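So this block is entry19.cif, mmCIF, C-alpha atoms:
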data_run
loop_
_atom_site.group_PDB
_atom_site.id
_atom_site.type_symbol
_atom_site.label_atom_id
_atom_site.label_comp_id
_atom_site.auth_asym_id
_atom_site.auth_seq_id
_atom_site.Cartn_x
_atom_site.Cartn_y
_atom_site.Cartn_z
ATOM 1 C CA MET A 1 31.987 12.381 27.624
ATOM 2 C CA THR A 2 33.603 10.491 30.511
ATOM 3 C CA ASP A 3 37.406 10.330 30.416
ATOM 4 C CA PRO A 4 38.194 6.594 30.028
ATOM 5 C CA SER A 5 41.527 7.009 31.808
ATOM 6 C CA LEU A 6 39.727 7.832 35.080
ATOM 7 C CA ILE A 7 38.805 4.978 37.411
ATOM 8 C CA ASP A 8 37.141 4.845 40.809
ATOM 9 C CA LEU A 9 40.170 4.667 43.081
ATOM 10 C CA ALA A 10 38.002 3.954 46.138
ATOM 11 C CA SER A 11 35.901 1.114 44.723
ATOM 12 C CA ARG A 12 35.787 -2.120 46.671
ATOM 13 C CA ALA A 13 36.223 -3.869 43.306
ATOM 14 C CA LEU A 14 39.714 -2.327 43.175
ATOM 15 C CA GLY A 15 40.429 -3.163 46.820
ATOM 16 C CA GLY A 16 39.229 -0.013 48.558
ATOM 17 C CA SER A 17 37.935 -0.032 52.130
ATOM 18 C CA VAL A 18 36.144 2.285 54.551
ATOM 19 C CA VAL A 19 38.407 1.751 57.533
ATOM 20 C CA ALA A 20 36.579 3.848 60.146
ATOM 21 C CA ALA A 21 33.705 6.242 60.809
ATOM 22 C CA ASN A 22 32.775 8.198 63.910
ATOM 23 C CA ASP A 23 29.112 7.126 63.613
ATOM 24 C CA GLU A 24 27.156 4.630 61.508
ATOM 25 C CA PHE A 25 24.052 4.236 63.632
ATOM 26 C CA PHE A 26 21.496 3.805 60.836
ATOM 27 C CA ALA A 27 23.551 2.438 57.918
ATOM 28 C CA GLN A 28 27.053 1.034 57.775
ATOM 29 C CA ARG A 29 30.010 2.895 56.330
ATOM 30 C CA GLU A 30 31.116 0.029 54.057
ATOM 31 C CA ASN A 31 28.164 0.700 51.728
ATOM 32 C CA LEU A 32 29.861 3.907 50.542
ATOM 33 C CA ILE A 33 32.219 2.121 48.143
ATOM 34 C CA THR A 34 30.015 -0.697 46.894
ATOM 35 C CA ALA A 35 30.524 -0.915 43.136
ATOM 36 C CA ALA A 36 26.834 -1.421 42.325
ATOM 37 C CA PRO A 37 24.384 1.523 42.247
ATOM 38 C CA PRO A 38 22.457 2.141 45.482
ATOM 39 C CA ARG A 39 19.167 0.273 45.910
ATOM 40 C CA PHE A 40 16.009 1.357 47.713
ATOM 41 C CA ASP A 41 13.028 -0.581 49.009
ATOM 42 C CA PRO A 42 10.347 1.751 50.404
ATOM 43 C CA ASP A 43 8.930 -1.049 52.551
ATOM 44 C CA GLU A 44 12.199 -2.198 54.154
ATOM 45 C CA PHE A 45 12.544 -1.233 57.830
ATOM 46 C CA GLY A 46 14.829 -2.588 60.537
ATOM 47 C CA LEU A 47 15.066 -2.311 64.300
ATOM 48 C CA LYS A 48 16.681 1.139 63.968
ATOM 49 C CA GLY A 49 14.268 2.489 61.367
ATOM 50 C CA LYS A 50 14.338 2.813 57.585
ATOM 51 C CA VAL A 51 17.035 0.692 55.914
ATOM 52 C CA TYR A 52 19.236 2.633 53.484
ATOM 53 C CA ASP A 53 21.901 1.339 51.100
ATOM 54 C CA GLY A 54 24.529 3.834 52.164
ATOM 55 C CA TRP A 55 26.199 5.381 55.213
ATOM 56 C CA GLU A 56 23.862 7.172 57.636
ATOM 57 C CA THR A 57 24.581 8.700 61.024
ATOM 58 C CA ARG A 58 22.171 9.689 63.800
ATOM 59 C CA ARG A 59 20.812 13.222 64.204
ATOM 60 C CA ARG A 60 23.387 15.404 65.956
ATOM 61 C CA ARG A 61 22.315 17.321 69.079
ATOM 62 C CA GLU A 62 25.734 18.876 69.715
ATOM 63 C CA PRO A 63 28.256 20.866 67.632
ATOM 64 C CA GLY A 64 30.585 18.965 65.303
ATOM 65 C CA HIS A 65 30.473 16.864 62.163
ATOM 66 C CA ASP A 66 30.571 13.228 61.059
ATOM 67 C CA TRP A 67 33.330 11.588 59.040
ATOM 68 C CA ALA A 68 34.446 8.374 57.365
ATOM 69 C CA LEU A 69 38.011 7.296 56.461
ATOM 70 C CA VAL A 70 38.445 5.651 53.066
ATOM 71 C CA ARG A 71 41.540 3.711 52.031
ATOM 72 C CA LEU A 72 41.895 3.844 48.268
ATOM 73 C CA GLY A 73 42.171 0.552 46.424
ATOM 74 C CA ALA A 74 45.094 2.031 44.501
ATOM 75 C CA PRO A 75 46.957 5.265 45.284
ATOM 76 C CA GLY A 76 46.609 8.023 42.747
ATOM 77 C CA VAL A 77 45.849 11.618 41.840
ATOM 78 C CA VAL A 78 42.175 12.539 42.240
ATOM 79 C CA ASP A 79 40.401 14.341 39.388
ATOM 80 C CA HIS A 80 36.975 14.661 41.037
ATOM 81 C CA VAL A 81 34.777 13.025 43.635
ATOM 82 C CA VAL A 82 31.095 12.132 43.518
ATOM 83 C CA VAL A 83 29.029 12.272 46.695
ATOM 84 C CA ASP A 84 25.900 10.377 45.729
ATOM 85 C CA THR A 85 22.921 10.979 48.020
ATOM 86 C CA SER A 86 20.496 8.792 46.020
ATOM 87 C CA TRP A 87 17.317 8.050 48.043
ATOM 88 C CA PHE A 88 18.439 10.353 50.873
ATOM 89 C CA ARG A 89 15.797 13.068 50.492
ATOM 90 C CA GLY A 90 15.127 14.379 53.993
ATOM 91 C CA ASN A 91 18.226 13.036 55.713
ATOM 92 C CA TYR A 92 21.174 14.068 53.516
ATOM 93 C CA PRO A 93 24.017 16.332 54.734
ATOM 94 C CA PRO A 94 23.553 19.967 53.654
ATOM 95 C CA GLU A 95 27.326 20.347 53.298
ATOM 96 C CA ILE A 96 30.340 18.081 52.770
ATOM 97 C CA ALA A 97 34.126 18.372 52.628
ATOM 98 C CA VAL A 98 36.923 15.992 51.633
ATOM 99 C CA GLU A 99 40.490 15.708 52.913
ATOM 100 C CA ALA A 100 43.379 13.585 51.624
ATOM 101 C CA ILE A 101 46.702 12.161 52.725
ATOM 102 C CA ALA A 102 49.457 9.949 51.316
ATOM 103 C CA VAL A 103 51.071 7.503 53.728
ATOM 104 C CA ASP A 104 53.200 4.408 53.224
ATOM 105 C CA GLY A 105 52.348 1.010 54.594
ATOM 106 C CA HIS A 106 49.122 0.007 56.284
ATOM 107 C CA PRO A 107 48.303 2.567 59.004
ATOM 108 C CA SER A 108 45.586 1.957 61.577
ATOM 109 C CA PRO A 109 42.628 4.357 61.940
ATOM 110 C CA ASP A 110 44.249 5.820 65.074
ATOM 111 C CA GLU A 111 47.473 6.471 63.180
ATOM 112 C CA LEU A 112 45.565 8.074 60.330
ATOM 113 C CA GLU A 113 43.743 10.380 62.741
ATOM 114 C CA LYS A 114 47.096 11.809 63.854
ATOM 115 C CA ALA A 115 48.442 12.283 60.315
ATOM 116 C CA PRO A 116 48.654 15.682 58.547
ATOM 117 C CA TRP A 117 45.568 15.774 56.282
ATOM 118 C CA HIS A 118 45.032 18.430 53.611
ATOM 119 C CA GLU A 119 41.787 19.652 52.087
ATOM 120 C CA ILE A 120 40.949 18.735 48.472
ATOM 121 C CA VAL A 121 37.249 19.696 48.503
ATOM 122 C CA PRO A 122 36.405 22.678 50.729
ATOM 123 C CA ARG A 123 33.179 22.774 52.694
ATOM 124 C CA SER A 124 30.553 22.805 49.938
ATOM 125 C CA ALA A 125 26.796 22.600 49.514
ATOM 126 C CA CYS A 126 25.325 19.142 48.968
ATOM 127 C CA ALA A 127 21.919 18.304 47.476
ATOM 128 C CA GLY A 128 19.683 15.378 48.377
ATOM 129 C CA HIS A 129 18.907 12.454 46.040
ATOM 130 C CA THR A 130 21.662 13.698 43.716
ATOM 131 C CA ALA A 131 25.046 12.585 42.407
ATOM 132 C CA ASN A 132 26.952 15.671 43.605
ATOM 133 C CA VAL A 133 30.189 16.190 41.640
ATOM 134 C CA TYR A 134 33.130 18.104 43.111
ATOM 135 C CA PRO A 135 36.248 18.832 40.988
ATOM 136 C CA VAL A 136 39.653 18.435 42.630
ATOM 137 C CA THR A 137 42.588 20.624 41.574
ATOM 138 C CA ASP A 138 45.099 19.250 44.071
ATOM 139 C CA THR A 139 47.688 17.208 42.142
ATOM 140 C CA ARG A 140 49.271 15.411 45.079
ATOM 141 C CA ARG A 141 49.174 11.615 45.327
ATOM 142 C CA ALA A 142 46.645 10.231 47.823
ATOM 143 C CA THR A 143 46.315 6.890 49.570
ATOM 144 C CA HIS A 144 43.413 7.770 51.923
ATOM 145 C CA LEU A 145 40.519 10.248 51.910
ATOM 146 C CA ARG A 146 38.363 11.566 54.725
ATOM 147 C CA LEU A 147 34.740 12.263 53.770
ATOM 148 C CA ILE A 148 33.129 14.806 56.096
ATOM 149 C CA MET A 149 29.403 15.544 56.541
ATOM 150 C CA HIS A 150 28.307 18.857 58.074
ATOM 151 C CA PRO A 151 26.702 18.184 60.451
ATOM 152 C CA ASP A 152 25.264 14.672 59.882
ATOM 153 C CA GLY A 153 23.032 12.682 57.531
ATOM 154 C CA GLY A 154 23.289 9.987 54.903
ATOM 155 C CA ILE A 155 25.322 9.353 51.744
ATOM 156 C CA ALA A 156 24.681 6.407 49.445
ATOM 157 C CA ARG A 157 27.965 6.180 47.511
ATOM 158 C CA PHE A 158 31.349 7.899 47.436
ATOM 159 C CA ARG A 159 33.209 7.726 44.125
ATOM 160 C CA VAL A 160 36.810 8.915 43.775
ATOM 161 C CA LEU A 161 37.625 9.357 40.096
ATOM 162 C CA GLY A 162 41.301 9.675 39.315
ATOM 163 C CA ARG A 163 44.436 8.156 37.831
ATOM 164 C CA VAL A 164 46.460 5.452 39.527
ATOM 165 C CA LEU A 165 49.979 6.449 40.533
ATOM 166 C CA PRO A 166 51.734 3.242 41.629
ATOM 167 C CA ASP A 167 54.818 2.772 43.762
ATOM 168 C CA PRO A 168 57.678 1.893 41.350
ATOM 169 C CA ARG A 169 59.027 -0.644 43.843
ATOM 170 C CA PHE A 170 56.039 -2.865 43.097
ATOM 171 C CA LEU A 171 56.614 -2.711 39.339
ATOM 172 C CA GLU A 172 59.993 -4.461 39.350
ATOM 173 C CA GLY A 173 60.347 -7.825 37.637
ATOM 174 C CA THR A 174 57.490 -9.453 35.730
ATOM 175 C CA VAL A 175 54.180 -7.731 36.452
ATOM 176 C CA ASP A 176 50.749 -7.343 34.881
ATOM 177 C CA LEU A 177 51.323 -4.330 32.647
ATOM 178 C CA LEU A 178 47.574 -3.944 32.126
ATOM 179 C CA ALA A 179 46.366 -4.128 35.739
ATOM 180 C CA ALA A 180 44.371 -1.124 36.902
ATOM 181 C CA GLU A 181 46.205 -1.176 40.248
ATOM 182 C CA ASN A 182 49.498 -0.761 38.327
ATOM 183 C CA GLY A 183 48.203 2.138 36.225
ATOM 184 C CA GLY A 184 46.781 0.382 33.151
ATOM 185 C CA HIS A 185 43.590 1.927 31.824
ATOM 186 C CA VAL A 186 41.155 1.974 28.918
ATOM 187 C CA THR A 187 41.758 4.539 26.158
ATOM 188 C CA GLY A 188 39.017 3.546 23.722
ATOM 189 C CA CYS A 189 36.281 0.993 23.100
ATOM 190 C CA SER A 190 33.900 0.129 20.266
ATOM 191 C CA ASP A 191 30.977 -0.850 22.497
ATOM 192 C CA GLU A 192 30.200 -1.218 26.213
ATOM 193 C CA PHE A 193 26.473 -1.745 26.032
ATOM 194 C CA TYR A 194 26.179 -4.160 28.967
ATOM 195 C CA SER A 195 29.296 -3.495 31.046
ATOM 196 C CA SER A 196 32.522 -1.506 31.059
ATOM 197 C CA PRO A 197 35.801 -2.755 29.556
ATOM 198 C CA GLY A 198 37.494 -1.277 32.619
ATOM 199 C CA ASN A 199 36.313 -4.383 34.473
ATOM 200 C CA LEU A 200 38.831 -6.428 32.473
ATOM 201 C CA LEU A 201 41.682 -4.823 34.415
ATOM 202 C CA LEU A 202 40.360 -5.264 37.960
ATOM 203 C CA PRO A 203 42.087 -7.505 40.510
ATOM 204 C CA GLY A 204 41.108 -11.127 41.091
ATOM 205 C CA LYS A 205 38.601 -13.322 39.317
ATOM 206 C CA ALA A 206 35.194 -12.048 38.234
ATOM 207 C CA ARG A 207 32.412 -13.417 40.448
ATOM 208 C CA HIS A 208 29.842 -13.417 37.644
ATOM 209 C CA MET A 209 29.329 -12.243 34.068
ATOM 210 C CA GLY A 210 28.364 -8.725 35.159
ATOM 211 C CA GLU A 211 31.907 -8.129 36.427
ATOM 212 C CA GLY A 212 33.440 -8.434 32.956
ATOM 213 C CA TRP A 213 33.112 -6.577 29.654
ATOM 214 C CA GLU A 214 30.131 -7.375 27.465
ATOM 215 C CA ASN A 215 29.154 -5.631 24.256
ATOM 216 C CA ALA A 216 25.907 -5.755 22.269
ATOM 217 C CA ARG A 217 25.297 -8.343 19.521
ATOM 218 C CA ARG A 218 26.796 -7.167 16.231
ATOM 219 C CA ARG A 219 24.673 -7.228 13.090
ATOM 220 C CA ASP A 220 26.903 -5.206 10.726
ATOM 221 C CA GLY A 221 29.700 -7.615 9.829
ATOM 222 C CA GLY A 222 32.364 -5.742 11.844
ATOM 223 C CA ASN A 223 34.044 -6.603 15.143
ATOM 224 C CA ASP A 224 34.392 -5.098 18.609
ATOM 225 C CA TRP A 225 37.602 -3.921 20.244
ATOM 226 C CA VAL A 226 39.169 -2.248 23.278
ATOM 227 C CA GLU A 227 42.392 -0.247 23.474
ATOM 228 C CA PHE A 228 44.446 0.203 26.633
ATOM 229 C CA ALA A 229 47.419 2.189 27.905
ATOM 230 C CA LEU A 230 49.889 0.004 29.769
ATOM 231 C CA ALA A 231 51.078 1.002 33.232
ATOM 232 C CA ALA A 232 54.219 2.305 31.496
ATOM 233 C CA GLY A 233 56.410 1.355 28.575
ATOM 234 C CA GLY A 234 57.508 -2.257 28.758
ATOM 235 C CA VAL A 235 58.013 -5.565 27.009
ATOM 236 C CA PRO A 236 54.964 -7.891 26.938
ATOM 237 C CA ARG A 237 55.702 -11.597 27.452
ATOM 238 C CA HIS A 238 52.298 -13.301 27.470
ATOM 239 C CA VAL A 239 48.604 -12.463 27.767
ATOM 240 C CA GLU A 240 45.676 -14.109 29.518
ATOM 241 C CA VAL A 241 42.267 -13.879 27.850
ATOM 242 C CA ASP A 242 39.692 -15.067 30.365
ATOM 243 C CA THR A 243 36.138 -15.826 29.208
ATOM 244 C CA THR A 244 35.035 -17.268 32.576
ATOM 245 C CA TRP A 245 31.231 -16.943 33.033
ATOM 246 C CA PHE A 246 30.746 -16.121 29.337
ATOM 247 C CA VAL A 247 29.185 -19.374 28.186
ATOM 248 C CA GLY A 248 26.850 -18.506 25.320
ATOM 249 C CA ASN A 249 28.268 -15.075 24.547
ATOM 250 C CA ALA A 250 32.073 -15.439 24.414
ATOM 251 C CA PRO A 251 33.932 -14.253 21.283
ATOM 252 C CA GLY A 252 34.744 -16.782 18.600
ATOM 253 C CA TRP A 253 38.253 -15.417 18.061
ATOM 254 C CA VAL A 254 40.537 -12.699 19.453
ATOM 255 C CA SER A 255 43.554 -10.761 18.217
ATOM 256 C CA ILE A 256 46.198 -8.991 20.315
ATOM 257 C CA SER A 257 48.127 -5.977 18.996
ATOM 258 C CA THR A 258 50.565 -3.510 20.583
ATOM 259 C CA ARG A 259 52.171 -0.209 19.690
ATOM 260 C CA ASP A 260 54.789 2.108 21.185
ATOM 261 C CA GLU A 261 53.537 5.684 21.461
ATOM 262 C CA ARG A 262 57.036 6.906 22.306
ATOM 263 C CA THR A 263 58.271 6.115 18.793
ATOM 264 C CA GLY A 264 55.050 6.922 16.979
ATOM 265 C CA GLY A 265 54.714 3.290 16.013
ATOM 266 C CA SER A 266 51.580 1.797 14.470
ATOM 267 C CA TRP A 267 49.724 -1.274 15.700
ATOM 268 C CA THR A 268 51.574 -4.587 15.346
ATOM 269 C CA VAL A 269 49.524 -7.792 15.534
ATOM 270 C CA LEU A 270 51.130 -10.272 17.944
ATOM 271 C CA ARG A 271 48.393 -12.940 17.992
ATOM 272 C CA ASP A 272 46.058 -12.996 15.018
ATOM 273 C CA ARG A 273 42.532 -14.434 15.184
ATOM 274 C CA GLU A 274 43.219 -16.925 17.946
ATOM 275 C CA ARG A 275 40.265 -19.220 18.545
ATOM 276 C CA VAL A 276 38.864 -18.980 22.083
ATOM 277 C CA GLN A 277 36.486 -21.152 24.077
ATOM 278 C CA PRO A 278 33.609 -20.164 26.367
ATOM 279 C CA ASP A 279 34.150 -20.118 30.132
ATOM 280 C CA THR A 280 37.912 -20.638 29.775
ATOM 281 C CA ARG A 281 41.145 -18.911 30.814
ATOM 282 C CA HIS A 282 43.423 -18.802 27.766
ATOM 283 C CA ARG A 283 47.166 -18.072 27.857
ATOM 284 C CA PHE A 284 49.060 -16.910 24.759
ATOM 285 C CA LEU A 285 52.817 -16.360 24.569
ATOM 286 C CA LEU A 286 54.111 -13.234 22.816
ATOM 287 C CA PRO A 287 57.560 -14.296 21.567
ATOM 288 C CA GLY A 288 59.711 -11.501 20.222
ATOM 289 C CA ALA A 289 57.279 -8.744 21.196
ATOM 290 C CA ALA A 290 58.771 -5.259 20.936
ATOM 291 C CA PRO A 291 58.523 -2.671 23.720
ATOM 292 C CA ALA A 292 55.059 -1.115 23.856
ATOM 293 C CA THR A 293 52.984 1.490 25.652
ATOM 294 C CA HIS A 294 49.531 0.395 24.420
ATOM 295 C CA LEU A 295 47.648 -2.844 23.767
ATOM 296 C CA ARG A 296 44.575 -3.546 21.645
ATOM 297 C CA LEU A 297 42.170 -6.459 21.990
ATOM 298 C CA ASP A 298 39.948 -7.287 19.010
ATOM 299 C CA VAL A 299 37.081 -9.764 19.481
ATOM 300 C CA PHE A 300 35.410 -11.433 16.509
ATOM 301 C CA PRO A 301 32.681 -10.722 15.835
ATOM 302 C CA ASP A 302 31.603 -9.652 19.328
ATOM 303 C CA GLY A 303 31.260 -11.163 22.799
ATOM 304 C CA GLY A 304 32.401 -10.755 26.374
ATOM 305 C CA LEU A 305 35.395 -11.493 28.590
ATOM 306 C CA SER A 306 35.844 -11.408 32.351
ATOM 307 C CA ARG A 307 39.542 -10.473 32.608
ATOM 308 C CA LEU A 308 42.536 -9.563 30.437
ATOM 309 C CA ARG A 309 46.140 -9.724 31.678
ATOM 310 C CA CYS A 310 49.412 -8.778 29.987
ATOM 311 C CA TRP A 311 52.500 -10.035 31.798
ATOM 312 C CA GLY A 312 55.870 -8.415 31.112
ATOM 313 C CA GLU A 313 58.561 -6.083 32.409
ATOM 314 C CA LEU A 314 58.888 -2.310 32.357
ATOM 315 C CA ASP A 315 61.725 -1.123 30.171
ATOM 316 C CA GLU A 316 64.227 1.484 31.359
ATOM 317 C CA ASP A 317 62.288 4.447 29.976
ATOM 318 C CA GLY A 318 59.002 3.111 31.344
ATOM 319 C CA ALA A 319 60.412 2.684 34.847
ATOM 320 C CA ALA A 320 61.893 6.181 34.725
ATOM 321 C CA ALA A 321 58.521 7.627 33.685
ATOM 322 C CA VAL A 322 56.808 6.026 36.699
ATOM 323 C CA ARG A 323 59.463 7.477 39.033
ATOM 324 C CA ARG A 324 59.091 10.946 37.510
ATOM 325 C CA ALA A 325 55.315 10.855 37.888
ATOM 326 C CA LEU A 326 55.636 9.866 41.541
ATOM 327 C CA ASP A 327 58.142 12.641 42.231
ATOM 328 C CA ALA A 328 55.897 15.206 40.514
ATOM 329 C CA ALA A 329 52.942 14.209 42.701
ATOM 330 C CA GLY A 330 54.885 14.654 45.908
#

Using structure tokens, write down the structure from this file.
Amino acid sequence: MTDPSLIDLASRALGGSVVAANDEFFAQRENLITAAPPRFDPDEFGLKGKVYDGWETRRRREPGHDWALVRLGAPGVVDHVVVDTSWFRGNYPPEIAVEAIAVDGHPSPDELEKAPWHEIVPRSACAGHTANVYPVTDTRRATHLRLIMHPDGGIARFRVLGRVLPDPRFLEGTVDLLAAENGGHVTGCSDEFYSSPGNLLLPGKARHMGEGWENARRRDGGNDWVEFALAAGGVPRHVEVDTTWFVGNAPGWVSISTRDERTGGSWTVLRDRERVQPDTRHRFLLPGAAPATHLRLDVFPDGGLSRLRCWGELDEDGAAAVRRALDAAG
């Protein structure tokens, strides 16, 4: 079973970018972090040959290897990477490797090239038309990864599954305690038939219904729900429940509950069965809310949302926990 606390740190949906590559003759590097699965049309050809939905370099005639630099959408500790060679059957790299680095600010590709990289996936065999999974045991925080192909070839997607480790300086004042880029993540969900509840925590507005969370239609008289861990312990002030794009399949009502894991507290309902409208951004105040580490959204009886926000401030213990985690990850 997939660990719900892991998110794709490199995804363009989170703000990731492929900032450079030494070669992208056949297919551009940016395709590596597209959130959608790779597509393939056997009849699609361009001026340079077969069109692939991925990153593909030319055939090497000299020693060396090809590489691409990926800036993570949110810094974090990597659990494993997936090098997906879907549709690359005779032109995939026989071996890959991955390096990482943590740097402050917004370095240029030239500056990154001169930085001290360290290996997180050693040179390893890679299969064609396969989602190749490579575990990572390095526990250091990363902001950028370098994907290396030995010697050349094509890769459809590069997924970097890990846990966000934010900079505490950006968690001062009132912040979105649920945002994925701040460290919020899903811990449990009743149903994700159409799309993942992790989408609720992504930056920006959803561009269409597929970028939200949508469950199946309930026929049993119950209700659907999602539970989240906040970025760290804090005091919620208000929530935003956004049903934008969900016109005929929004929930009828929602409830918001929180609990504080640090004290072993149970769930406390802060907003009970609030009526919601389709295709609408709703804002609900949370007066008198106690400090919390987790939030639960119940939808009645079912239905989808595009985004969920929880604005508030870290408490003293929560801020200290973020600092400790950063120190532990180097």

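Here the PyMOL selection byres ((chain A and resi 222) around 10) captures the residues Arg218, Arg219, Asp220, Gly221, Asn223, Asp224, Val299, Phe300, Pro301 and Asp302 of chain A.
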
| query | Applied to the shown file, which residues does the PyMOL selection byres ((chain A and resi 12-18) around 8) return, written as a VMD selection string? | reply | chain A and resid 8 to 11 19 to 21 29 to 30 32 to 35 68 to 74 180 to 181 202 to 203

| said: Here's the selection I'm unsure about, the PyMOL selection byres ((chain A and resi 210) around 9); applied to the file above, which residues does it give, as a PyMOL selection string? | reply: chain A and resi 194-195+206-209+211-214+245+306

| task | Take the point (47.7, -9.0, 21.3) as written in the file and pick out every residue within 12 Å of it, counting only C-alpha atoms; give the list as a VMD selection string. | result | chain A and resid 178 225 to 228 236 to 241 253 to 259 267 to 274 283 to 287 289 to 290 292 294 to 299 308 to 311

| Could you state the separation of CA of Thr174 in chain A and CA of Gly312 in chain A in Å, given to one decimal place? |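 Result for CA of Thr174 in chain A versus CA of Gly312 in chain A: 5.0 Å, one decimal.
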
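Using only C-alpha atoms, the protein and nucleic acid residues lying at most 7 Å from the point (24.8, 23.4, 48.8) are Pro94, Glu95, Ser124, Ala125, Cys126 and Ala127 of chain A.
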
| note | Asn132 in chain A proximity check over A:Ala97, A:Leu47, A:Leu145, A:Val83, using all atoms listed in the file: winner is A:Val83

Set out as a Markdown table a contact list for range 66-146 of chain A and range 323-327 of chain A with a cut-off of 10 Å, giving each residue of range 66-146 of chain A that qualifies its closest atom pair and distance in Å to one decimal, counting all atoms listed in the file, ordered by chain and rising residue number.
| residue | atom | partner | partner_atom | distance |
| --- | --- | --- | --- | --- |
| A:Gly76 | CA | A:Leu326 | CA | 9.3 |
| A:Val77 | CA | A:Leu326 | CA | 9.9 |
| A:Arg140 | CA | A:Leu326 | CA | 9.2 |
| A:Arg141 | CA | A:Leu326 | CA | 7.7 |

| request: Mind giving me the straight-line distance from CA of Ser5 in chain A to CA of Thr280 in chain A in Å, one decimal? | output: 28.0 Å

| message | Given only C-alpha atoms as the basis, pick out the residue of A:Arg163, A:Lys205, A:His106, A:His282 nearest to Val78 in chain A. | response |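 Residue with the minimum atom-to-atom distance to Val78 in chain A: A:Arg163.
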
| task | Could you jot down the CA of Glu261 in chain A to CA of Thr293 in chain A separation for me, Å, one decimal place? | result |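 Separation between CA of Glu261 in chain A and CA of Thr293 in chain A: 6.0 Å.
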
| task | Using all atoms listed in the file, find the one residue out of A:Asp242, A:Asn249, A:Thr187, A:Ser108 that sits nearest to Leu230 in chain A. | result | A:Thr187

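Residue nearest His129 in chain A within the list A:Pro4, A:Pro38, A:Gly173, A:Gly264: A:Pro38 [criterion: smallest interatomic distance, only C-alpha atoms].
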
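With distances taken over all atoms listed in the file, A:Val81 is the one residue among A:Val81, A:Ala321, A:Gly304, A:Thr263 lying closest to Thr137 in chain A.
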
| In terms of the shortest atom-to-atom distance over only C-alpha atoms, which of A:Asp84, A:Glu113, A:Glu316, A:Asp43 is closest to Phe158 in chain A? |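 Distance minimum relative to Phe158 in chain A lands on A:Asp84.
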
Using all atoms of range 44-57 of chain A that appear in the file, construct an axis-aligned enclosing box with 5 Å of padding on every side and provide its centre coordinates and edge lengths in Å, rounded to one decimal, as lines of an AutoDock Vina configuration file.
center_x = 19.2
center_y = 3.1
center_z = 57.7
size_x = 24.0
size_y = 21.3
size_z = 23.2
